[in-house]
$ cat work22.cif   # mmCIF, C-alpha atoms
data_input
#
loop_
_atom_site.label_atom_id
_atom_site.label_comp_id
_atom_site.auth_asym_id
_atom_site.auth_seq_id
_atom_site.Cartn_x
_atom_site.Cartn_y
_atom_site.Cartn_z
CA MET A 23 -79.34 192.44 -124.85
CA SER A 24 -80.95 194.55 -127.54
CA GLU A 25 -79.81 198.08 -128.27
CA ARG A 26 -83.41 199.18 -127.79
CA LEU A 27 -83.48 197.88 -124.18
CA GLN A 28 -80.21 199.64 -123.50
CA ARG A 29 -81.63 202.84 -124.95
CA LEU A 30 -84.90 202.60 -123.00
CA LEU A 31 -83.63 201.54 -119.55
CA GLY A 32 -79.83 201.55 -119.58
CA GLY A 33 -77.25 204.25 -119.00
CA PRO A 34 -76.13 206.17 -115.88
CA GLN A 35 -79.11 208.56 -115.92
CA LEU A 36 -81.44 205.65 -115.06
CA SER A 37 -79.12 203.80 -112.66
CA VAL A 38 -81.07 204.99 -109.60
CA LEU A 39 -84.36 203.87 -111.13
CA ARG A 40 -82.90 200.46 -111.93
CA ALA A 41 -81.57 200.14 -108.40
CA ARG A 42 -85.02 200.89 -106.98
CA LEU A 43 -86.60 198.29 -109.22
CA ARG A 44 -83.89 195.72 -108.38
CA ASN A 45 -84.49 196.34 -104.68
CA ARG A 46 -88.01 194.94 -105.03
CA TYR A 47 -86.66 191.64 -106.30
CA GLU A 48 -83.87 191.61 -103.71
CA ARG A 49 -86.61 191.74 -101.06
CA GLY A 50 -88.43 188.82 -102.69
CA VAL A 51 -91.23 190.85 -104.35
CA GLU A 52 -91.79 189.34 -107.80
CA SER A 53 -95.16 190.80 -108.80
CA GLY A 54 -97.96 193.16 -107.80
CA VAL A 55 -98.62 196.87 -108.17
CA ILE A 56 -96.01 199.31 -106.87
CA THR A 57 -95.88 203.08 -106.57
CA LEU A 58 -92.64 204.87 -107.33
CA ASN A 59 -92.43 208.37 -105.87
CA GLY A 60 -89.94 211.13 -106.53
CA LEU A 61 -89.33 210.19 -110.14
CA SER A 62 -87.51 212.53 -112.46
CA GLU A 63 -88.97 213.39 -115.86
CA ILE A 64 -86.35 211.15 -117.53
CA GLU A 65 -87.31 208.24 -115.29
CA ARG A 66 -91.03 208.72 -115.95
CA ALA A 67 -90.37 208.88 -119.67
CA ALA A 68 -88.33 205.63 -119.53
CA LEU A 69 -91.09 203.76 -117.72
CA ALA A 70 -93.68 205.13 -120.15
CA GLY A 71 -91.54 203.92 -123.04
CA LEU A 72 -91.35 200.43 -121.58
CA LEU A 73 -95.13 200.37 -121.13
CA GLY A 74 -95.79 201.86 -124.56
CA LEU A 75 -97.49 204.94 -123.11
CA PRO A 76 -97.51 208.23 -125.08
CA LEU A 77 -94.91 210.70 -123.81
CA ARG A 78 -97.54 213.45 -123.42
CA ARG A 79 -99.25 211.37 -120.75
CA VAL A 80 -96.01 211.24 -118.76
CA THR A 81 -94.90 214.86 -118.86
CA SER A 82 -98.23 216.03 -117.51
CA ARG A 83 -98.13 213.73 -114.49
CA ALA A 84 -96.78 214.27 -110.98
CA ALA A 85 -93.41 212.81 -109.95
CA SER A 86 -94.88 209.38 -109.16
CA MET A 87 -96.18 206.41 -111.10
CA ARG A 88 -98.09 203.22 -110.30
CA LEU A 89 -96.66 200.19 -112.03
CA ASP A 90 -98.25 196.79 -112.49
CA ILE A 91 -95.24 194.46 -112.62
CA ASP A 92 -97.18 191.79 -114.47
CA ALA A 93 -98.26 194.32 -117.11
CA LEU A 94 -94.66 195.56 -117.44
CA ASN A 95 -93.44 191.96 -117.83
CA ALA A 96 -95.97 191.43 -120.60
CA ALA A 97 -94.98 194.68 -122.34
CA LEU A 98 -91.30 193.68 -122.31
CA ARG A 99 -92.09 190.24 -123.72
CA ASN A 100 -94.43 191.60 -126.39
CA GLY A 101 -91.81 194.14 -127.39
CA GLY A 102 -89.15 191.45 -127.72
CA LEU A 103 -86.97 193.21 -125.15
CA ALA A 104 -86.82 190.66 -122.30
CA ASP A 105 -88.78 187.82 -120.73
CA SER A 106 -89.59 190.00 -117.71
CA LEU A 107 -88.58 193.14 -115.86
CA ARG A 108 -86.29 191.01 -113.70
CA ASP A 109 -84.68 189.55 -116.83
CA ALA A 110 -84.20 193.07 -118.25
CA LEU A 111 -82.59 194.35 -115.05
CA GLU A 112 -80.23 191.36 -114.89
CA MET A 113 -79.19 191.91 -118.51
CA LEU A 114 -78.40 195.53 -117.73
CA ASP A 115 -76.72 195.25 -114.30
CA GLY A 116 -76.08 191.60 -113.50
CA THR A 117 -77.74 188.86 -111.48
CA ILE A 118 -80.26 189.85 -108.82
CA THR A 119 -79.91 188.06 -105.50
CA ASN A 120 -82.85 187.57 -103.17
CA LYS A 121 -81.23 189.18 -100.13
CA THR A 122 -84.23 188.45 -97.91
CA ALA A 123 -83.92 184.74 -98.60
CA GLU A 124 -80.16 184.93 -98.19
CA ARG A 125 -80.51 186.63 -94.81
CA ALA A 126 -83.03 184.03 -93.69
CA ALA A 127 -80.67 181.23 -94.71
CA THR A 128 -77.74 182.90 -92.97
CA ASP A 129 -79.81 183.49 -89.81
CA ALA A 130 -80.68 179.80 -89.82
CA GLN A 131 -76.98 178.96 -90.03
CA TRP A 132 -76.19 181.19 -87.04
CA ASP A 133 -79.07 179.61 -85.12
CA SER A 134 -77.43 176.27 -85.82
CA VAL A 135 -74.11 177.60 -84.51
CA ARG A 136 -75.77 178.72 -81.26
CA GLY A 137 -77.59 175.43 -80.94
CA ALA A 138 -74.34 173.47 -81.07
CA CYS A 139 -72.72 175.50 -78.23
CA ASP A 140 -72.68 174.70 -74.54
CA ALA A 141 -74.77 176.75 -72.11
CA ARG A 142 -72.15 179.41 -71.39
CA ILE A 143 -71.42 180.33 -74.99
CA ALA A 144 -75.07 179.94 -76.04
CA ALA A 145 -76.04 182.45 -73.34
CA PHE A 146 -73.37 184.83 -74.60
CA LEU A 147 -74.58 184.52 -78.20
CA ALA A 148 -78.22 185.02 -77.16
CA ASP A 149 -77.35 188.69 -76.70
CA ALA A 150 -77.17 190.68 -79.93
CA ARG A 151 -73.81 192.15 -78.92
CA GLY A 152 -72.38 188.70 -78.30
CA LEU A 153 -73.53 187.38 -81.66
CA GLY A 154 -72.28 190.57 -83.30
CA LEU A 155 -68.83 190.00 -81.81
CA LEU A 156 -68.74 186.42 -83.09
CA LYS A 157 -69.74 187.58 -86.57
CA ARG A 158 -66.97 190.19 -86.58
CA LEU A 159 -64.39 187.68 -85.38
CA SER A 160 -65.46 185.15 -88.01
CA ARG A 161 -65.86 187.70 -90.83
CA SER A 162 -69.60 186.83 -90.96
CA ASP A 163 -68.85 183.23 -91.95
CA PRO A 164 -71.03 180.82 -89.89
CA ARG A 165 -68.66 177.93 -90.52
CA LEU A 166 -65.70 179.88 -89.14
CA GLY A 167 -67.93 181.07 -86.30
CA ALA A 168 -68.74 177.46 -85.39
CA ASP A 169 -65.03 176.61 -85.34
CA LEU A 170 -64.31 179.58 -83.05
CA CYS A 171 -67.08 178.52 -80.66
CA LYS A 172 -65.73 174.97 -80.50
CA ALA A 173 -62.23 176.25 -79.76
CA ALA A 174 -63.51 178.66 -77.08
CA GLN A 175 -65.46 175.81 -75.48
CA CYS A 176 -62.32 173.72 -75.25
CA VAL A 177 -60.61 176.57 -73.41
CA LEU A 178 -63.49 177.39 -71.07
CA ARG A 179 -63.95 173.75 -70.08
CA ARG A 180 -60.42 173.76 -68.67
CA LEU A 181 -61.24 176.67 -66.37
CA PRO A 182 -60.76 177.52 -63.60
CA ALA A 183 -57.12 176.54 -63.78
CA ALA A 184 -54.74 176.39 -60.83
CA GLY A 185 -52.05 178.84 -61.82
CA MET A 186 -51.53 177.56 -65.38
CA ALA A 187 -49.61 179.73 -67.82
CA ARG A 188 -51.75 181.05 -70.66
CA SER A 189 -49.36 179.71 -73.30
CA ARG A 190 -49.58 176.23 -71.79
CA LEU A 191 -53.38 176.38 -71.71
CA ALA A 192 -53.35 177.38 -75.39
CA ALA A 193 -50.93 174.64 -76.35
CA GLU A 194 -52.80 171.90 -74.50
CA THR A 195 -56.30 172.87 -75.66
CA LEU A 196 -55.70 174.32 -79.12
CA GLY A 197 -52.31 172.97 -80.19
CA ASP A 198 -50.84 176.46 -80.54
CA ALA A 199 -49.08 178.19 -77.66
CA HIS A 200 -49.99 181.60 -79.13
CA ALA A 201 -53.65 180.87 -79.89
CA LEU A 202 -54.75 182.77 -76.76
CA ASP A 203 -52.46 185.76 -77.24
CA GLN A 204 -54.18 189.13 -76.91
CA GLY A 205 -56.18 189.98 -80.02
CA ARG A 206 -56.48 186.39 -81.28
CA PRO A 207 -60.11 185.52 -82.10
CA VAL A 208 -60.42 182.56 -79.71
CA ALA A 209 -58.96 184.59 -76.85
CA THR A 210 -61.31 187.51 -77.55
CA LEU A 211 -64.35 185.23 -77.57
CA ALA A 212 -63.35 183.29 -74.45
CA LEU A 213 -62.58 186.46 -72.49
CA SER A 214 -65.87 188.05 -73.56
CA VAL A 215 -67.77 185.04 -72.22
CA LEU A 216 -65.84 185.25 -68.93
CA ARG A 217 -66.55 188.97 -68.68
CA GLN A 218 -70.26 188.42 -69.20
CA GLN A 219 -70.31 185.66 -66.58
CA ARG A 220 -68.90 187.93 -63.91
CA ASN A 221 -70.77 191.01 -65.22
CA ASP A 222 -67.54 192.98 -65.26
CA CYS A 223 -67.58 196.72 -65.98
CA SER A 224 -64.48 196.93 -68.12
CA GLU A 225 -64.71 200.74 -68.42
CA GLU A 226 -63.67 200.91 -64.79
CA ASP A 227 -60.39 199.18 -65.42
CA ALA A 228 -57.33 201.39 -65.57
CA GLN A 229 -56.10 199.90 -68.85
CA ALA A 230 -57.53 197.45 -71.38
CA GLY A 231 -54.39 195.31 -71.16
CA GLU A 232 -54.66 195.09 -67.37
CA SER A 233 -58.29 194.08 -67.70
CA VAL A 234 -57.24 191.12 -69.85
CA ARG A 235 -54.63 190.04 -67.31
CA ALA A 236 -57.16 190.31 -64.49
CA LEU A 237 -59.78 188.31 -66.40
CA TRP A 238 -57.32 185.49 -66.98
CA ALA A 239 -56.21 185.66 -63.35
CA ASP A 240 -59.81 185.31 -62.14
CA ALA A 241 -59.93 182.08 -64.12
CA GLY A 242 -56.64 180.88 -62.61
CA VAL A 243 -54.59 181.55 -65.73
CA LEU A 244 -51.23 183.28 -65.44
CA LEU A 245 -50.21 186.13 -67.69
CA ASN A 246 -47.26 188.33 -66.72
CA GLU A 247 -47.48 186.60 -63.37
CA LEU A 248 -44.67 188.58 -61.72
CA ALA A 249 -45.92 192.06 -62.65
CA ARG A 250 -47.29 194.40 -59.94
CA PRO A 251 -47.31 192.06 -56.93
CA ALA A 252 -49.85 192.69 -54.16
CA LEU A 253 -48.61 194.69 -51.15
CA PHE A 254 -49.82 193.92 -47.62
CA LEU A 255 -48.95 194.23 -43.94
CA ASN A 256 -49.69 191.78 -41.11
CA LEU A 257 -52.25 189.66 -42.94
CA PRO A 258 -53.05 186.63 -40.76
CA VAL A 259 -52.16 183.41 -42.56
CA ALA A 260 -51.54 179.81 -41.63
CA GLY A 261 -47.82 179.42 -42.27
CA SER A 262 -45.90 182.48 -43.39
CA ALA A 263 -46.69 185.37 -45.70
CA GLY A 264 -44.00 187.89 -44.95
CA VAL A 265 -42.32 189.15 -41.83
CA ALA A 266 -44.66 190.46 -39.08
CA GLY A 267 -44.52 194.22 -38.90
CA GLN A 268 -42.87 194.54 -42.31
CA PRO A 269 -44.62 195.13 -45.65
CA GLY A 270 -44.71 192.05 -47.84
CA TYR A 271 -45.48 191.24 -51.45
CA LEU A 272 -47.24 188.31 -53.11
CA SER A 273 -47.05 187.84 -56.87
CA LEU A 274 -49.95 186.64 -58.96
CA ARG A 275 -47.95 183.45 -59.50
CA GLU A 276 -47.79 182.76 -55.76
CA LEU A 277 -51.41 183.67 -55.14
CA LEU A 278 -52.70 181.31 -57.82
CA ARG A 279 -50.22 178.43 -57.63
CA THR A 280 -49.87 178.24 -53.84
CA PRO A 281 -52.76 180.23 -52.37
CA PRO A 282 -52.13 181.20 -48.73
CA ARG A 283 -54.58 179.87 -46.15
CA TRP A 284 -55.83 183.22 -44.90
CA ASP A 285 -56.91 183.22 -41.25
CA VAL A 286 -59.30 186.17 -41.58
CA ALA A 287 -62.78 184.72 -41.08
CA GLY A 288 -64.89 187.37 -39.33
CA ARG A 289 -61.91 189.73 -38.98
CA THR A 290 -61.57 193.28 -40.25
CA VAL A 291 -58.98 193.75 -42.98
CA PHE A 292 -58.30 197.36 -43.91
CA VAL A 293 -57.63 198.19 -47.55
CA CYS A 294 -55.87 201.35 -48.72
CA GLU A 295 -55.17 202.78 -52.17
CA ASN A 296 -51.57 203.97 -51.81
CA PRO A 297 -48.38 202.01 -51.00
CA ASN A 298 -47.08 205.01 -49.06
CA LEU A 299 -49.73 204.44 -46.41
CA VAL A 300 -48.51 200.87 -45.89
CA ALA A 301 -45.00 202.20 -45.32
CA ILE A 302 -46.31 204.83 -42.90
CA ALA A 303 -48.28 202.18 -40.97
CA ALA A 304 -45.27 199.86 -40.81
CA ASP A 305 -43.06 202.64 -39.50
CA ALA A 306 -45.56 203.84 -36.91
CA LEU A 307 -47.16 200.59 -35.74
CA GLY A 308 -45.08 197.66 -36.95
CA VAL A 309 -46.38 194.36 -35.54
CA HIS A 310 -49.19 196.23 -33.78
CA CYS A 311 -50.78 197.34 -37.05
CA ALA A 312 -54.12 195.78 -37.96
CA PRO A 313 -54.22 193.64 -41.15
CA LEU A 314 -53.77 195.95 -44.13
CA ALA A 315 -53.82 195.34 -47.89
CA CYS A 316 -53.13 197.82 -50.70
CA THR A 317 -54.79 198.16 -54.10
CA ASP A 318 -51.93 200.30 -55.47
CA GLY A 319 -54.36 202.43 -57.46
CA MET A 320 -56.92 200.55 -59.54
CA PRO A 321 -56.32 196.92 -58.53
CA ALA A 322 -54.33 194.90 -61.04
CA ALA A 323 -54.53 191.12 -61.35
CA ALA A 324 -52.53 190.31 -58.22
CA GLN A 325 -54.38 192.86 -56.08
CA ARG A 326 -57.76 191.63 -57.32
CA THR A 327 -56.80 188.05 -56.62
CA LEU A 328 -55.65 188.91 -53.10
CA LEU A 329 -58.85 190.82 -52.28
CA ALA A 330 -60.98 188.04 -53.76
CA GLN A 331 -59.17 185.45 -51.63
CA LEU A 332 -59.57 187.53 -48.48
CA ALA A 333 -63.27 188.08 -49.14
CA ALA A 334 -63.77 184.37 -49.86
CA ALA A 335 -62.00 183.54 -46.60
CA GLY A 336 -64.55 185.61 -44.67
CA ALA A 337 -62.67 188.88 -44.15
CA GLN A 338 -64.65 192.04 -43.51
CA LEU A 339 -62.97 194.48 -45.91
CA ARG A 340 -62.95 198.23 -45.21
CA TYR A 341 -61.67 200.53 -47.95
CA HIS A 342 -60.13 204.00 -48.00
CA GLY A 343 -58.64 205.89 -50.94
CA ASP A 344 -57.72 209.36 -52.13
CA PHE A 345 -60.44 212.00 -51.97
CA ASP A 346 -60.33 212.63 -55.71
CA TRP A 347 -62.40 211.39 -58.65
CA ALA A 348 -60.09 208.46 -59.33
CA GLY A 349 -60.29 207.51 -55.66
CA LEU A 350 -64.10 207.42 -55.80
CA ARG A 351 -63.99 205.42 -59.00
CA ILE A 352 -61.68 202.84 -57.43
CA GLY A 353 -63.77 202.81 -54.25
CA ASN A 354 -66.95 202.08 -56.22
CA TRP A 355 -65.26 199.17 -57.95
CA VAL A 356 -63.72 197.64 -54.81
CA MET A 357 -66.92 197.92 -52.79
CA ARG A 358 -69.11 196.49 -55.53
CA ARG A 359 -66.73 193.72 -56.47
CA PHE A 360 -65.59 192.53 -53.05
CA GLY A 361 -68.36 193.70 -50.73
CA ALA A 362 -66.06 196.14 -48.93
CA GLN A 363 -67.36 198.85 -46.61
CA PRO A 364 -66.06 202.45 -46.53
CA TRP A 365 -63.29 203.30 -44.09
CA ARG A 366 -63.26 206.99 -43.09
CA PHE A 367 -64.40 207.72 -46.62
CA SER A 368 -67.58 209.78 -46.14
CA ARG A 369 -68.65 213.35 -46.78
CA GLN A 370 -67.97 214.26 -43.17
CA ASP A 371 -64.49 212.70 -43.33
CA TYR A 372 -63.76 214.75 -46.45
CA LEU A 373 -64.95 218.01 -44.91
CA VAL A 374 -62.74 217.48 -41.85
CA ALA A 375 -59.75 216.65 -44.07
CA ALA A 376 -60.43 219.66 -46.33
CA ALA A 377 -60.60 222.00 -43.33
CA ASP A 378 -57.26 220.68 -42.07
CA ALA A 379 -55.80 221.14 -45.55
CA ASP A 380 -57.03 224.74 -45.62
CA ALA A 381 -55.47 225.42 -42.24
CA GLU A 382 -52.13 224.07 -43.40
CA ASP A 383 -52.46 225.38 -46.97
CA ARG A 384 -51.93 221.95 -48.53
CA SER A 385 -54.24 220.49 -51.17
CA ARG A 386 -54.49 220.03 -54.90
CA THR A 387 -57.22 220.95 -57.36
CA LEU A 388 -59.78 218.37 -58.37
CA GLY A 389 -59.95 217.45 -62.04
CA ALA A 390 -62.97 217.94 -64.27
CA ASP A 391 -64.10 214.30 -64.47
CA ARG A 392 -66.65 213.73 -61.71
CA PHE A 393 -67.60 210.37 -60.21
CA ASP A 394 -70.32 209.81 -57.62
CA ALA A 395 -69.63 207.61 -54.60
CA ASP A 396 -72.01 204.65 -54.37
CA TRP A 397 -71.63 204.51 -50.59
CA ASP A 398 -72.27 208.21 -49.87
CA ALA A 399 -74.44 210.23 -52.24
CA ALA A 400 -73.33 213.53 -50.66
CA LEU A 401 -69.57 212.96 -50.92
CA ALA A 402 -69.06 213.87 -54.58
CA ALA A 403 -71.19 217.01 -54.23
CA ALA A 404 -69.10 218.19 -51.28
CA MET A 405 -65.87 217.52 -53.15
CA HIS A 406 -67.15 219.34 -56.23
CA LEU A 407 -68.19 222.33 -54.13
CA ARG A 408 -64.81 222.59 -52.39
CA GLY A 409 -62.88 221.74 -55.55
CA LYS A 410 -60.00 220.23 -53.59
CA ALA A 411 -58.46 216.76 -53.70
CA ILE A 412 -57.10 215.24 -50.48
CA ASP A 413 -54.45 212.54 -50.78
CA GLU A 414 -54.70 209.49 -48.57
CA GLU A 415 -51.31 210.21 -47.00
CA ALA A 416 -52.66 213.58 -45.79
CA VAL A 417 -55.14 211.84 -43.47
CA ALA A 418 -52.70 209.17 -42.28
CA ASP A 419 -53.06 210.13 -38.59
CA SER A 420 -56.79 209.32 -38.49
CA LEU A 421 -56.24 206.07 -40.42
CA LEU A 422 -53.42 205.04 -38.08
CA ALA A 423 -55.76 205.50 -35.13
CA ASP A 424 -58.00 202.79 -36.58
CA LEU A 425 -55.09 200.56 -37.54
CA ALA A 426 -53.71 200.74 -34.02
CA ALA A 427 -57.03 199.95 -32.31
CA PRO A 428 -57.92 196.33 -31.48
CA THR A 429 -59.94 194.78 -34.29
CA ASN A 430 -62.15 191.72 -34.39
#

$ encode --input "work22.cif" --output "structure tokens"
Amino acid sequence: MSERLQRLLGGPQLSVLRARLRNRYERGVESGVITLNGLSEIERAALAGLLGLPLRRVTSRAASMRLDIDALNAALRNGGLADSLRDALEMLDGTITNKTAERAATDAQWDSVRGACDARIAAFLADARGLGLLKRLSRSDPRLGADLCKAAQCVLRRLPAAGMARSRLAAETLGDAHALDQGRPVATLALSVLRQQRNDCSEEDAQAGESVRALWADAGVLLNELARPALFLNLPVAGSAGVAGQPGYLSLRELLRTPPRWDVAGRTVFVCENPNLVAIAADALGVHCAPLACTDGMPAAAQRTLLAQLAAAGAQLRYHGDFDWAGLRIGNWVMRRFGAQPWRFSRQDYLVAAADADAEDRSRTLGADRFDADWDAALAAAMHLRGKAIDEEAVADSLLADLAAPTN
């Protein structure tokens, strides 16, 4: 590189100009006439010097110039400075890469990755967010992305499992018992495909970790299989699932490995939010209590599995929860996910409960986060207006009246 080229176009004062000129080549533009706007006087003077224009013609001009790249190439060659503008820019700042061509080549590689996937993963990658996740997991390397897709396919083809431990699934499909641990790339990709398949709204889960456990459970894979067992009372089952009249528990392990044969086709099964209500019903009604299951707040993996099994067995689920924003949020999820119907969970039910609470001076203040109830558009407005939360236990008498009545 000649000292004259360095003097004419080099240095930090012209770095922005050089970057603008390099950008043309990076986008695949090799020739033609271009207009550069917003040029400083130093930048205009540098371009004039390269073209051999008198300085007086530059200082009198506006802050823009039209450049014929072919003419500039010729001026650089004739002046013995460089073979072309591109050659001059590469001498000053290094090799110029055609980023447009690179992107096209990379896009073709990702298209090839999608084309080699089975239908489930290909559908996931057809969405920009799905492909974006794969690129992040593979550090934008199509070859690593292809390997991740192959590994995820091996896992997904083994599903649904029948109560298989996650570590065993990982060992048998991927040769590494920890390959499906939370946060590992293959696990993240496989779970994302499962979530898309069931159109899950993960923001409605109580915790991200619980969402992962529930996703695996839906696919028959066990993770922390003894945590938060599902509570129930008097659920009809062929065989035995607890003592009649006494609350019982079923772990995720039991529900997936030896699923009970629920005898609930066409029958009403009541679902409550709070374990205390199950205890109250057992004390008051015992063996005469209608079938009752409990979500224990936002359903965890065992509770979700139980409700899914009951719904699949033909149960008509009816749900009640706390009259607070969390209760409406849980109710929305349970009713959407399992086709449940509301159980004394309307605007009118709330107003009656709130009036009773006023009479007895017992209630708590609603929080600021508001959720609308899918099943009753007027419920949230009434709750917001009154500003009071009513716990499920506070309306136990009315719920017990339903639980004690003959059901289908």

$ resolve_selection --input "work22.cif" --expression "the PyMOL selection byres ((chain A and resi 45) around 12)" --output "PyMOL selection string"
chain A and resi 38-44+46-52+108+111+118-122

$ residues_around --input "work22.cif" --residues "Cys316 (chain A)" --least-positions-apart "6" --cutoff "8 Å" --atoms "only C-alpha atoms" --output "MDAnalysis selection string"
chainID A and resid 252:254 293:297 300 325

$ residues_near_point --input "work22.cif" --point "(-59.7, 190.0, -45.0)" --cutoff "7 Å" --atoms "only C-alpha atoms" --output "count of residues only"
10

$ closest_residue --input "work22.cif" --among "A:Ala97, A:Ala379, A:Ser368, A:Thr387" --to "Ala400 (chain A)" --atoms "all atoms listed in the file"
A:Ser368

$ atom_distance --input "work22.cif" --atom1 "CA of Tyr372 (chain A)" --atom2 "CA of Gly267 (chain A)"
29.1 Å

$ residues_around --input "work22.cif" --residues "region 276-282 of chain A" --least-positions-apart "2" --cutoff "10 Å" --atoms "only C-alpha atoms" --output "PyMOL selection string"
chain A and resi 183-186+239-244+247-248+251-252+258-263+271-274+284-285+324-325+327-328+331-332

$ closest_residue --input "work22.cif" --among "A:Leu329, A:Asp398, A:Ala404, A:Ala323" --to "Ala249 (chain A)" --atoms "all atoms listed in the file"
A:Ala323

$ resolve_selection --input "work22.cif" --expression "the PyMOL selection byres ((chain A and resi 415) around 9)" --output "list in words"
Asn296, Asn298, Leu299, Ile302, Asp344, Ile412, Asp413, Glu414, Ala416, Val417, Ala418 and Asp419 of chain A
